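Scroll down for the structure; my scribbles are underneath it.
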Amino acid sequence: MKGFTLVELLGVLIILAVIALITLPIVSMSIKNGKEKLYNSQIEEIKLAAEKWAYKNINLLPTKDGETITVTLLSLKQSGDIPLDTRNPRTGELIPNDLIITIMFKNNNYIFTVDEESGSNITDEFNENAPTIILNGSHLEFVEINSDYNEKSAEAFSKNGNVLPVNITYQENNTEIGSIDTSKFTSYTAIYSATDNGYTTNITRIIIVRDTTSPNLVIPDNVNLTASQLSSFDVMDGVSVTDNSGEMIDIEVSGFDTKPNDKIIEYKACDSNNNCAVKRRIIKIITQISFAEDSWETIATLVKSGTVSNYYKVGDEKEVTLTGDYAGTYTVRIANNSTPAECSTEGFSQTACGFVVEFVDIITTHGMNSSDTNLGGWPASEMYNFVNNDIYNTLPSDLKNVIINTYSVSGHGSEESSNFTSTDKLYLLSTKEVWGDESSIQTRALEPSATISDTGIDYTRQLDYYKNNGVTTDLYSGAVKTYQGSANYWWLRAAGSSYSSAFYLVNTSGDWNNNFARYSYGVAPAFRIG
């Protein structure tokens with residue numbers, strides 16, 4: 001028989017080598033995939049073991065949504081829920097006893113998670129008498145920079161189920177420290193240990209200080225501006241930013257220019273950890289407006305929006321046309337545009353709070369009463385009805401539509417002991433609302449030796465107009481109202497407290513005075529818009 005030649009043998013060997021080169025990677029991949037499947041199955045076995053452990057230790061499980069506890073593979077071995085010889089199919093080595101399993105209560109269910117990267121003690125050492133430690137919370141905790149770290153601690157039990165004390169030590173860079181410092185970006189290791197009968201069990205937690213909080217960016221409300229106001233508008237006025245890290249934060253602004261068109265301004269503030277806050281405000285460009293030319297409806301709208309001070313100033317004047325018996329054109333002015341905290345005090349008069357308009361011109365003359373009495377004060381006076389009926393009904397309807405009720409406090413005369421209150425549409429001013437320091441006022445018209453006062457002075461304030469002009473009982477010339485025609489005096493609503501016959505008034509020079517109620521003096525009421 002003829003054998004194979006050398007050439008033929010070499011050909012067979014080459015063919016076999018080619019087949020080996022083709023099949024070897026396939027076989028290797030198949031083996032690797034098989035080990036990977038076994039590994040995944042092993043992880044699922046650990047989860048099932050954790051479920052068994054949880055069923056036996058239901059009293060230790062979290063009960064609030066989002067809460068977590070952490071156990072180790074050692075605990076599952078000690079409870080007999082998983083074999084002691086539990087190995088990693090990929091490496092053949094024992095799975096570490098300190099492998100971490102978290103149990104979270106979420107939406108009325110328990111979620112079991114195996115941290116496959118955890119565990120360091122690669123050993124088959126096991127002692128059933130060693131304590132069991134259960135970590136409250138996750139083995140990986142995050143805390144925001146400069147916030148309080150709340151230690152969740154751990155629970156430890158002996159083999160017999162007795163509660164054991166847990167010792168906690170903190171480390172930074174493998175060096176023991178006293179406490180967690182959240183003022184810097186770093187990570188800490190918390191080591192929880194328990195000892196029983198000479199055996200010690202440890203479990204660790206990693207605590208990472210980080211910053212995931214966006215800066216606190218504060219911007220003003222949207223604003224309406226005229227084209228002329230836009231040119232000097234400070235887009236950063238009222239804008240501020242702070243950050244929990246304590247670092248200085250820059251604010252980026254986009255969308256602003258001085259072109260006379262509506263704008264959406266975007267403010268953006270980012271910290272060094274790229275946490276950003278973005279807010280926007282609208283600048284609406286409106287046509288040029290003025291108190292003298294705007295409708296009462298427009299004025300009321302600006303008052304209600306809280307932006308009226310952007311357009312009008314105290315002292316601005318406007319003409320009002322009255323009808324009926326007092327037909328004519330009269331000048332009014334803005335007397336007040338502020339509402340300080342005292343305006344919210346219980347029992348405080350609203351007559352000098354908010355947007356107050358007063359007549360500059362005297363409308364007519366009229367007596368406070370037909371006889372010399374101040375009994376019942378301002379609310380009971382004939383002047384009250386005259387102002388809130390006869391005068392009020394001559395106002396144009398668009399003005400009456402925006403006048404709001406005003407709670408008024410008025411001083412009393414000598415025969416009464418309490419101030420009077422009323423709800424007015426129109427009202428006369430009081431002494432303090434004009435001069436501001438009327439506690440020093442002495443009588444001049446009736447008895448020079450007597451002292452009178454407005455008992456309502458503690459329940460109101462000086463109007464912004466008179467305050468801005470520095471009006472006091474010693475300084476008044478040129479700052480108090482002007483007068484129309486022959487009306488040399490105009491009434492106030494405050495009764496003289498030393499008399500039962502007199503009310504306060506303003507004289508020709510702008511100084512104070514008081515006189516008999518039956519005298520006819522000027523009527524120049526005020527009102528509020530809202």
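Going by the structure tokens order, chains are called A, B, ..., each with residues numbered from 1, while ligands are numbered from 1 in the order shown.
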Skipping near chain neighbours, those fewer than 5 positions away, what residues fall within 12 Å of Trp378 of chain A using only C-alpha atoms, listed as a PyMOL selection string?
-> chain A and resi 368-369+373+383-388+408-413+419-424+426-430+456+491-496+502-504+517
Write out as a short mmCIF file (atom, residue, chain, number, x, y, z; two decimals) with C-alpha atoms, in the first residue's frame which residues come within 6 Å of segment 277-285 of chain A when counting only C-alpha atoms, dropping same-chain ones fewer than 6 positions away.
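Output below, filename around.cif:
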```cif
data_model
loop_
_atom_site.label_atom_id
_atom_site.label_comp_id
_atom_site.auth_asym_id
_atom_site.auth_seq_id
_atom_site.Cartn_x
_atom_site.Cartn_y
_atom_site.Cartn_z
CA SER A 214 -28.32 75.39 41.14
CA PRO A 215 -27.48 78.92 42.28
CA ASN A 222 -41.47 92.18 34.40
CA VAL A 223 -41.44 95.89 33.74
CA ASN A 224 -43.04 98.42 31.39
CA LEU A 225 -40.75 101.19 30.13
CA THR A 226 -40.92 104.06 27.75
CA ASN A 261 -38.96 97.14 21.10
CA ASP A 262 -40.26 94.55 23.56
CA LYS A 263 -37.57 92.24 24.95
CA ILE A 264 -37.16 88.94 26.74
CA ILE A 265 -34.13 89.28 28.99
CA GLU A 266 -32.44 86.04 30.04
CA TYR A 267 -30.28 85.82 33.15
CA LYS A 268 -28.03 82.79 33.55
CA ALA A 269 -25.88 81.92 36.56
#
```
Expressed in Å, the length from atom CA of Ile168 of chain A to atom CA of Ser153 of chain A is 7.8 Å
Would you please work out which residue, of A:Thr394, A:Thr213, A:Asn336, A:Asn127, is nearest to Thr321 of chain A when using only C-alpha atoms?
-> A:Thr394
At a cut-off of 9 Å, using only C-alpha atoms, what residues contact Asn174 of chain A? Leave out same-chain residues fewer than 2 positions from it and give the result as an mmCIF file with C-alpha atoms, in the first residue's frame.
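Output below, filename result-v6.cif:
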```
data_model
loop_
_atom_site.group_PDB
_atom_site.id
_atom_site.type_symbol
_atom_site.label_atom_id
_atom_site.label_comp_id
_atom_site.auth_asym_id
_atom_site.auth_seq_id
_atom_site.Cartn_x
_atom_site.Cartn_y
_atom_site.Cartn_z
ATOM 1 C CA GLN A 171 -11.564 58.249 57.254
ATOM 2 C CA GLU A 172 -10.328 60.630 54.604
ATOM 3 C CA GLU A 176 -8.913 58.660 60.544
ATOM 4 C CA TYR A 188 -15.081 60.011 53.162
ATOM 5 C CA THR A 189 -15.247 56.412 54.340
#
```
Would you list the contacts of Arg205 of chain A as a list in words, taking every protein, DNA or RNA residue within 8 Å and counting only C-alpha atoms, but skipping same-chain residues closer than 4 positions in sequence?
->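 Residues near the query, excluding close chain neighbours: Ser138, His139, Leu140, Glu141, Thr189, Ala190 and Ile191 of chain A.
Within the 6 Å cut-off around Val314 of chain A, using only C-alpha atoms and omitting residues fewer than 6 positions from it on the same chain, the listed residues are A:Ile334, A:Ala335, A:Tyr465.
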Which residue out of A:Val209, A:Ile69, A:Phe126, A:Thr5 has the minimum interatomic distance to Tyr149 of chain A when only C-alpha atoms are used?
->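 Ranked by minimum distance to Tyr149 of chain A, first place goes to A:Val209.
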Taking the DSSP assignment computed from this structure's backbone, write out as number ranges by chain all residues of segment 27-112 of chain A that belong to alpha helix (DSSP H).
-> A: 27-56, 73-78
Counting only C-alpha atoms, figure out which residue out of A:Lys318, A:Arg87, A:Lys313, A:Arg210 gets nearest to Lys35 of chain A.
->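 Of all the options, A:Arg87 lies closest to Lys35 of chain A.
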Near-Ile100 of chain A list (8 Å; only C-alpha atoms; drop same-chain fewer than 4 positions) as a ChimeraX atom specification = /A:70-73,114-116,118-119,139
Those selected residues, please, written with N, CA and C atoms and delivered as a PDB file, in the first residue's frame.
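Generated file (result-v1.pdb):
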```pdb
ATOM      1  N   THR A  70     -28.811  48.437  53.907  1.00  0.00           N
ATOM      2  CA  THR A  70     -27.770  47.720  53.174  1.00  0.00           C
ATOM      3  C   THR A  70     -27.306  46.514  53.993  1.00  0.00           C
ATOM      4  N   VAL A  71     -27.222  45.361  53.331  1.00  0.00           N
ATOM      5  CA  VAL A  71     -26.696  44.147  53.977  1.00  0.00           C
ATOM      6  C   VAL A  71     -25.533  43.623  53.138  1.00  0.00           C
ATOM      7  N   THR A  72     -24.770  42.722  53.703  1.00  0.00           N
ATOM      8  CA  THR A  72     -23.641  42.137  52.987  1.00  0.00           C
ATOM      9  C   THR A  72     -23.912  40.671  52.701  1.00  0.00           C
ATOM     10  N   LEU A  73     -23.087  40.138  51.807  1.00  0.00           N
ATOM     11  CA  LEU A  73     -23.208  38.716  51.499  1.00  0.00           C
ATOM     12  C   LEU A  73     -22.976  37.878  52.749  1.00  0.00           C
ATOM     13  N   VAL A 114     -27.861  44.502  43.740  1.00  0.00           N
ATOM     14  CA  VAL A 114     -26.525  44.022  44.095  1.00  0.00           C
ATOM     15  C   VAL A 114     -25.495  44.950  43.478  1.00  0.00           C
ATOM     16  N   ASP A 115     -24.636  45.522  44.315  1.00  0.00           N
ATOM     17  CA  ASP A 115     -23.541  46.361  43.820  1.00  0.00           C
ATOM     18  C   ASP A 115     -22.385  45.444  43.438  1.00  0.00           C
ATOM     19  N   GLU A 116     -22.291  45.122  42.160  1.00  0.00           N
ATOM     20  CA  GLU A 116     -21.331  44.128  41.698  1.00  0.00           C
ATOM     21  C   GLU A 116     -19.880  44.602  41.844  1.00  0.00           C
ATOM     22  N   SER A 118     -18.755  46.269  44.451  1.00  0.00           N
ATOM     23  CA  SER A 118     -18.375  46.359  45.861  1.00  0.00           C
ATOM     24  C   SER A 118     -17.691  45.082  46.308  1.00  0.00           C
ATOM     25  N   GLY A 119     -17.178  45.140  47.520  1.00  0.00           N
ATOM     26  CA  GLY A 119     -16.519  43.961  48.077  1.00  0.00           C
ATOM     27  C   GLY A 119     -15.029  43.986  47.840  1.00  0.00           C
ATOM     28  N   HIS A 139     -24.956  52.233  51.009  1.00  0.00           N
ATOM     29  CA  HIS A 139     -23.519  52.225  51.273  1.00  0.00           C
ATOM     30  C   HIS A 139     -22.812  53.363  50.543  1.00  0.00           C
TER      31      HIS A 139
END
```
Non-local contacts of Asn107 of chain A (12 Å; only C-alpha atoms; under 5 positions in same chain excluded) as a count of residues only = 5
Between A:Asn401, A:Gln229, A:Thr212, A:Ser381, which has the minimum distance to Trp296 of chain A (counting only C-alpha atoms)?
->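 Going through A:Asn401, A:Gln229, A:Thr212, A:Ser381 one by one, the smallest distance to Trp296 of chain A is for A:Asn401.
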Using backbone DSSP assignments, extract all strand (DSSP E or B) residues from segment 250-401 of chain A; output them as number ranges by chain.
-> A: 251-254, 263-270, 276-286, 317-322, 328-338, 354-359, 364-367
Top pick for closest residue to Tyr199 of chain A, considering A:Gln78, A:Asn274, A:Asn468, A:Thr132 and counting only C-alpha atoms =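 When distances to Tyr199 of chain A are compared using only C-alpha atoms, the smallest one comes from A:Thr132.
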Taken to one decimal, the atom CA of Val402 of chain A-atom CA of Tyr330 of chain A distance is 18.1 Å
